[in-house]
file run.tsv (TSV, C-alpha atoms)
chain	number	residue	atom	x	y	z
R	1	MET	CA	13.57	-0.57	-6.06
R	2	SER	CA	17.07	-1.88	-6.08
R	3	ASP	CA	16.99	-3.76	-2.78
R	4	ARG	CA	18.40	-7.25	-3.05
R	5	ILE	CA	16.12	-10.14	-2.13
R	6	PRO	CA	17.86	-13.03	-0.37
R	7	MET	CA	16.63	-16.48	-1.38
R	8	THR	CA	17.90	-19.99	-1.68
R	9	LYS	CA	18.40	-21.76	-4.98
R	10	VAL	CA	15.23	-23.77	-4.25
R	11	GLY	CA	13.19	-20.58	-3.79
R	12	TYR	CA	14.67	-19.03	-6.93
R	13	ASP	CA	13.86	-22.14	-8.98
R	14	LYS	CA	10.32	-22.21	-7.58
R	15	LEU	CA	9.69	-18.60	-8.65
R	16	LYS	CA	11.27	-19.23	-12.07
R	17	THR	CA	9.02	-22.28	-12.60
R	18	GLU	CA	5.99	-20.21	-11.64
R	19	VAL	CA	6.89	-17.46	-14.15
R	20	ASP	CA	7.45	-20.04	-16.89
R	21	ARG	CA	4.07	-21.64	-16.19
R	22	TYR	CA	2.32	-18.28	-16.35
R	23	GLU	CA	4.06	-17.29	-19.58
R	24	LEU	CA	4.00	-20.63	-21.40
R	25	GLU	CA	0.67	-22.09	-20.24
R	26	GLU	CA	-1.70	-19.54	-18.78
R	27	MET	CA	-0.94	-16.53	-21.00
R	28	PRO	CA	-1.55	-18.48	-24.25
R	29	GLN	CA	-4.87	-19.76	-22.84
R	30	ILE	CA	-5.95	-16.18	-22.15
R	31	ALA	CA	-4.85	-15.15	-25.64
R	32	LYS	CA	-7.10	-17.89	-27.06
R	33	ARG	CA	-10.02	-16.62	-24.96
R	34	ILE	CA	-9.42	-13.09	-26.26
R	35	ALA	CA	-9.28	-14.30	-29.86
R	36	ALA	CA	-12.49	-16.32	-29.45
R	37	ALA	CA	-14.30	-13.39	-27.85
R	38	ARG	CA	-13.00	-11.01	-30.53
R	39	SER	CA	-14.46	-13.25	-33.25
R	40	GLU	CA	-17.93	-12.76	-31.77
R	41	GLY	CA	-18.15	-9.26	-33.19
R	42	ASP	CA	-18.82	-5.98	-31.38
R	43	LEU	CA	-16.18	-5.58	-28.65
R	44	SER	CA	-17.81	-2.61	-26.92
R	45	GLU	CA	-20.42	-4.80	-25.20
R	46	ASN	CA	-18.56	-8.10	-25.21
R	47	ALA	CA	-18.18	-9.10	-21.54
R	48	GLU	CA	-16.13	-12.20	-22.37
R	49	TYR	CA	-13.60	-10.08	-24.26
R	50	HIS	CA	-13.30	-7.49	-21.49
R	51	GLY	CA	-13.01	-10.20	-18.82
R	52	ALA	CA	-10.26	-11.98	-20.74
R	53	ARG	CA	-8.37	-8.69	-21.25
R	54	GLU	CA	-8.63	-7.96	-17.54
R	55	SER	CA	-7.32	-11.46	-16.72
R	56	GLN	CA	-4.46	-10.90	-19.15
R	57	GLY	CA	-3.54	-7.61	-17.45
R	58	MET	CA	-3.62	-9.10	-13.96
R	59	LEU	CA	-1.52	-12.08	-15.02
R	60	GLN	CA	1.00	-9.80	-16.74
R	61	ALA	CA	1.27	-7.73	-13.54
R	62	LYS	CA	1.93	-10.92	-11.55
R	63	ILE	CA	4.59	-12.00	-14.07
R	64	ASN	CA	6.25	-8.57	-13.87
R	65	LEU	CA	6.31	-8.72	-10.07
R	66	LEU	CA	7.89	-12.19	-10.06
R	67	ARG	CA	10.41	-11.20	-12.76
R	68	ASP	CA	11.40	-8.20	-10.62
R	69	LYS	CA	11.96	-10.49	-7.62
R	70	LEU	CA	14.08	-12.82	-9.75
R	71	ALA	CA	16.11	-9.90	-11.11
R	72	ARG	CA	16.87	-8.66	-7.59
R	73	ALA	CA	17.49	-12.12	-6.15
R	74	VAL	CA	20.70	-12.92	-4.33
R	75	ILE	CA	21.21	-16.65	-3.92
R	76	VAL	CA	22.25	-17.34	-0.33
R	77	GLU	CA	23.51	-20.73	0.73
R	78	ARG	CA	22.09	-21.84	4.02
R	79	SER	CA	24.68	-22.07	6.74
R	80	LYS	CA	25.34	-25.59	8.00
R	81	GLU	CA	27.63	-24.51	10.81
R	82	ALA	CA	26.41	-24.83	14.35
R	83	SER	CA	25.54	-21.45	15.74
R	84	ASN	CA	23.45	-20.12	18.56
R	85	GLU	CA	22.56	-17.00	16.55
R	86	VAL	CA	19.47	-16.61	14.33
R	87	VAL	CA	20.52	-16.13	10.69
R	88	PHE	CA	19.08	-16.74	7.23
R	89	GLY	CA	18.19	-20.41	6.81
R	90	SER	CA	18.08	-21.23	10.50
R	91	THR	CA	15.25	-22.93	12.34
R	92	VAL	CA	14.53	-21.10	15.57
R	93	ILE	CA	12.39	-22.34	18.43
R	94	VAL	CA	11.02	-19.58	20.61
R	95	LYS	CA	8.83	-19.38	23.67
R	96	ASP	CA	6.04	-16.84	23.28
R	97	LEU	CA	6.31	-14.98	26.57
R	98	ASP	CA	2.79	-13.55	26.24
R	99	PHE	CA	0.99	-16.86	25.71
R	100	GLY	CA	3.49	-19.38	27.10
R	101	ASP	CA	3.59	-21.67	24.07
R	102	ASN	CA	6.57	-22.63	21.93
R	103	GLU	CA	6.72	-21.76	18.24
R	104	THR	CA	9.09	-22.85	15.51
R	105	PHE	CA	10.11	-20.60	12.63
R	106	VAL	CA	12.35	-21.25	9.64
R	107	LEU	CA	13.84	-18.12	8.04
R	108	VAL	CA	13.59	-18.55	4.27
R	109	GLY	CA	13.90	-16.42	1.18
R	110	ALA	CA	11.25	-15.10	-1.17
R	111	GLY	CA	9.21	-17.80	-2.84
R	112	GLU	CA	9.71	-20.32	-0.06
R	113	GLU	CA	7.51	-18.80	2.62
R	114	ASP	CA	4.73	-20.98	3.97
R	115	TYR	CA	3.31	-19.34	7.06
R	116	ASP	CA	1.19	-22.36	7.98
R	117	ALA	CA	4.38	-24.48	8.11
R	118	GLY	CA	6.31	-21.84	10.07
R	119	LYS	CA	8.48	-20.80	7.10
R	120	ILE	CA	8.72	-17.02	7.25
R	121	ASN	CA	10.28	-14.68	4.73
R	122	VAL	CA	13.57	-13.30	6.02
R	123	ALA	CA	12.41	-9.81	4.99
R	124	SER	CA	9.27	-9.97	7.17
R	125	PRO	CA	9.11	-7.86	10.35
R	126	LEU	CA	9.03	-11.00	12.52
R	127	ALA	CA	12.12	-12.51	10.87
R	128	GLN	CA	13.96	-9.19	10.98
R	129	GLY	CA	13.24	-8.97	14.70
R	130	LEU	CA	14.58	-12.49	15.27
R	131	MET	CA	17.75	-12.02	13.17
R	132	GLY	CA	20.92	-11.82	15.22
R	133	SER	CA	19.28	-13.02	18.43
R	134	LYS	CA	21.06	-15.67	20.45
R	135	VAL	CA	19.89	-18.68	22.45
R	136	GLY	CA	18.67	-17.61	25.90
R	137	GLU	CA	17.98	-14.03	24.83
R	138	LYS	CA	14.60	-12.41	25.49
R	139	ILE	CA	13.47	-10.13	22.70
R	140	SER	CA	10.55	-7.91	21.76
R	141	VAL	CA	9.61	-7.80	18.08
R	142	ASP	CA	7.47	-5.08	16.49
R	143	VAL	CA	5.02	-6.61	14.02
R	144	PRO	CA	2.02	-5.02	12.31
R	145	ALA	CA	-0.31	-6.49	14.97
R	146	GLY	CA	1.74	-4.97	17.83
R	147	LYS	CA	4.62	-6.31	19.92
R	148	MET	CA	5.54	-9.96	20.32
R	149	ASN	CA	7.79	-11.08	23.16
R	150	PHE	CA	9.93	-14.18	22.81
R	151	GLU	CA	12.70	-16.10	24.48
R	152	ILE	CA	15.06	-17.83	22.04
R	153	LEU	CA	15.18	-21.50	23.09
R	154	GLU	CA	17.04	-23.16	20.22
R	155	VAL	CA	18.69	-22.35	16.91
R	156	ARG	CA	19.44	-25.16	14.50
R	157	PHE	CA	20.01	-25.79	10.81
R	158	ASP	CA	17.80	-28.46	9.28
R	159	ASP	CA	18.45	-29.94	5.85
call {"tool": "encode", "arguments": {"input": "run.tsv", "output": "structure tokens"}}
result
Amino acid sequence: MSDRIPMTKVGYDKLKTEVDRYELEEMPQIAKRIAAARSEGDLSENAEYHGARESQGMLQAKINLLRDKLARAVIVERSKEASNEVVFGSTVIVKDLDFGDNETFVLVGAGEEDYDAGKINVASPLAQGLMGSKVGEKISVDVPAGKMNFEILEVRFDD
């Protein structure tokens, strides 16, 4: 995979901090668990040893995934210019034409998404469907759950 991953400096720093915590805090703790379990003798039937090794493998896979994201990251500065078009970093208020309620989304980079707070990854199907839309436009977005129909009410850039 050589696709670039857009993210802000904040998102990049958050992912970097997470990798550092895994490598400098959690991985040494697992290594200690492995060493303690190894000292108990026979490894073939040592559940603590096998559990610690499995934890180590899963954590290493998570570290590798985050390192890959960091390696492919492209730091994008959020636009501060007024625009009526949905772009990376914008806050967009839409009217859900199927249910009649308004929803607010903020298009963010990897590591910053928080779906409960309306922060959606710019690479997600929903964000991709919103990108480039203008205020007043009615759009239909294909998402894994089906189609969502929106009217773009407002586009703004919050700090």
call {"tool": "closest_atom_pairs", "arguments": {"input": "run.tsv", "of": "region 11-114 of chain R", "to": "region 127-151 of chain R", "cutoff": "7 Å", "atoms": "only C-alpha atoms", "output": "JSON lines"}}
result
{"residue": "R:Asn84", "atom": "CA", "partner": "R:Lys134", "partner_atom": "CA", "distance": 5.4}
{"residue": "R:Glu85", "atom": "CA", "partner": "R:Lys134", "partner_atom": "CA", "distance": 4.4}
{"residue": "R:Val86", "atom": "CA", "partner": "R:Met131", "partner_atom": "CA", "distance": 5.0}
{"residue": "R:Val87", "atom": "CA", "partner": "R:Met131", "partner_atom": "CA", "distance": 5.5}
{"residue": "R:Val94", "atom": "CA", "partner": "R:Glu151", "partner_atom": "CA", "distance": 5.5}
{"residue": "R:Lys95", "atom": "CA", "partner": "R:Glu151", "partner_atom": "CA", "distance": 5.1}
{"residue": "R:Asp96", "atom": "CA", "partner": "R:Phe150", "partner_atom": "CA", "distance": 4.7}
{"residue": "R:Leu97", "atom": "CA", "partner": "R:Phe150", "partner_atom": "CA", "distance": 5.3}
{"residue": "R:Asp98", "atom": "CA", "partner": "R:Asn149", "partner_atom": "CA", "distance": 6.4}
{"residue": "R:Leu107", "atom": "CA", "partner": "R:Ala127", "partner_atom": "CA", "distance": 6.5}
call {"tool": "atom_distance", "arguments": {"input": "run.tsv", "atom1": "CA of Ala110 (chain R)", "atom2": "CA of Tyr22 (chain R)"}}
result
17.9 Å
call {"tool": "residues_around", "arguments": {"input": "run.tsv", "residues": "Lys9 (chain R)", "least_positions_apart": "2", "cutoff": "9 Å", "atoms": "only C-alpha atoms", "output": "list of chain:residue names"}}
result
R:Met7, R:Gly11, R:Tyr12, R:Asp13, R:Lys14, R:Ile75, R:Val76, R:Glu77
call {"tool": "residues_around", "arguments": {"input": "run.tsv", "residues": "Asp68 (chain R)", "least_positions_apart": "3", "cutoff": "12 Å", "atoms": "only C-alpha atoms", "output": "ChimeraX atom specification"}}
result
/R:1-5,12,15-16,19,61-65,71-73,110
call {"tool": "residues_around", "arguments": {"input": "run.tsv", "residues": "Glu26 (chain R)", "least_positions_apart": "6", "cutoff": "10 Å", "atoms": "all atoms listed in the file", "output": "list in words"}}
result
Val19, Asp20, Gln56 and Leu59 of chain R
call {"tool": "atom_distance", "arguments": {"input": "run.tsv", "atom1": "CA of Gly111 (chain R)", "atom2": "CA of Gly51 (chain R)"}}
result
28.4 Å
call {"tool": "axis_aligned_box", "arguments": {"input": "run.tsv", "around": "region 43-51 of chain R", "padding_each_side": "4 Å", "output": "lines of an AutoDock Vina configuration file"}}
result
center_x = -16.7
center_y = -7.4
center_z = -23.7
size_x = 15.4
size_y = 17.6
size_z = 17.8
call {"tool": "residues_around", "arguments": {"input": "run.tsv", "residues": "Ala35 (chain R)", "least_positions_apart": "4", "cutoff": "12 Å", "atoms": "all atoms listed in the file", "output": "list in words"}}
result
Pro28, Gln29, Ile30, Ala31, Ser39, Glu40, Gly41, Leu43, Glu48, Tyr49, His50, Ala52 and Arg53 of chain R
call {"tool": "residues_around", "arguments": {"input": "run.tsv", "residues": "Val92 (chain R)", "least_positions_apart": "3", "cutoff": "6 Å", "atoms": "all atoms listed in the file", "output": "VMD selection string"}}
result
chain R and resid 104 to 105 154 to 155
call {"tool": "atom_distance", "arguments": {"input": "run.tsv", "atom1": "CA of Thr17 (chain R)", "atom2": "CA of Leu66 (chain R)"}}
result
10.5 Å
call {"tool": "closest_residue", "arguments": {"input": "run.tsv", "among": "R:Leu153, R:Met58, R:Val108, R:Val10", "to": "Asn121 (chain R)", "atoms": "all atoms listed in the file"}}
result
R:Val108
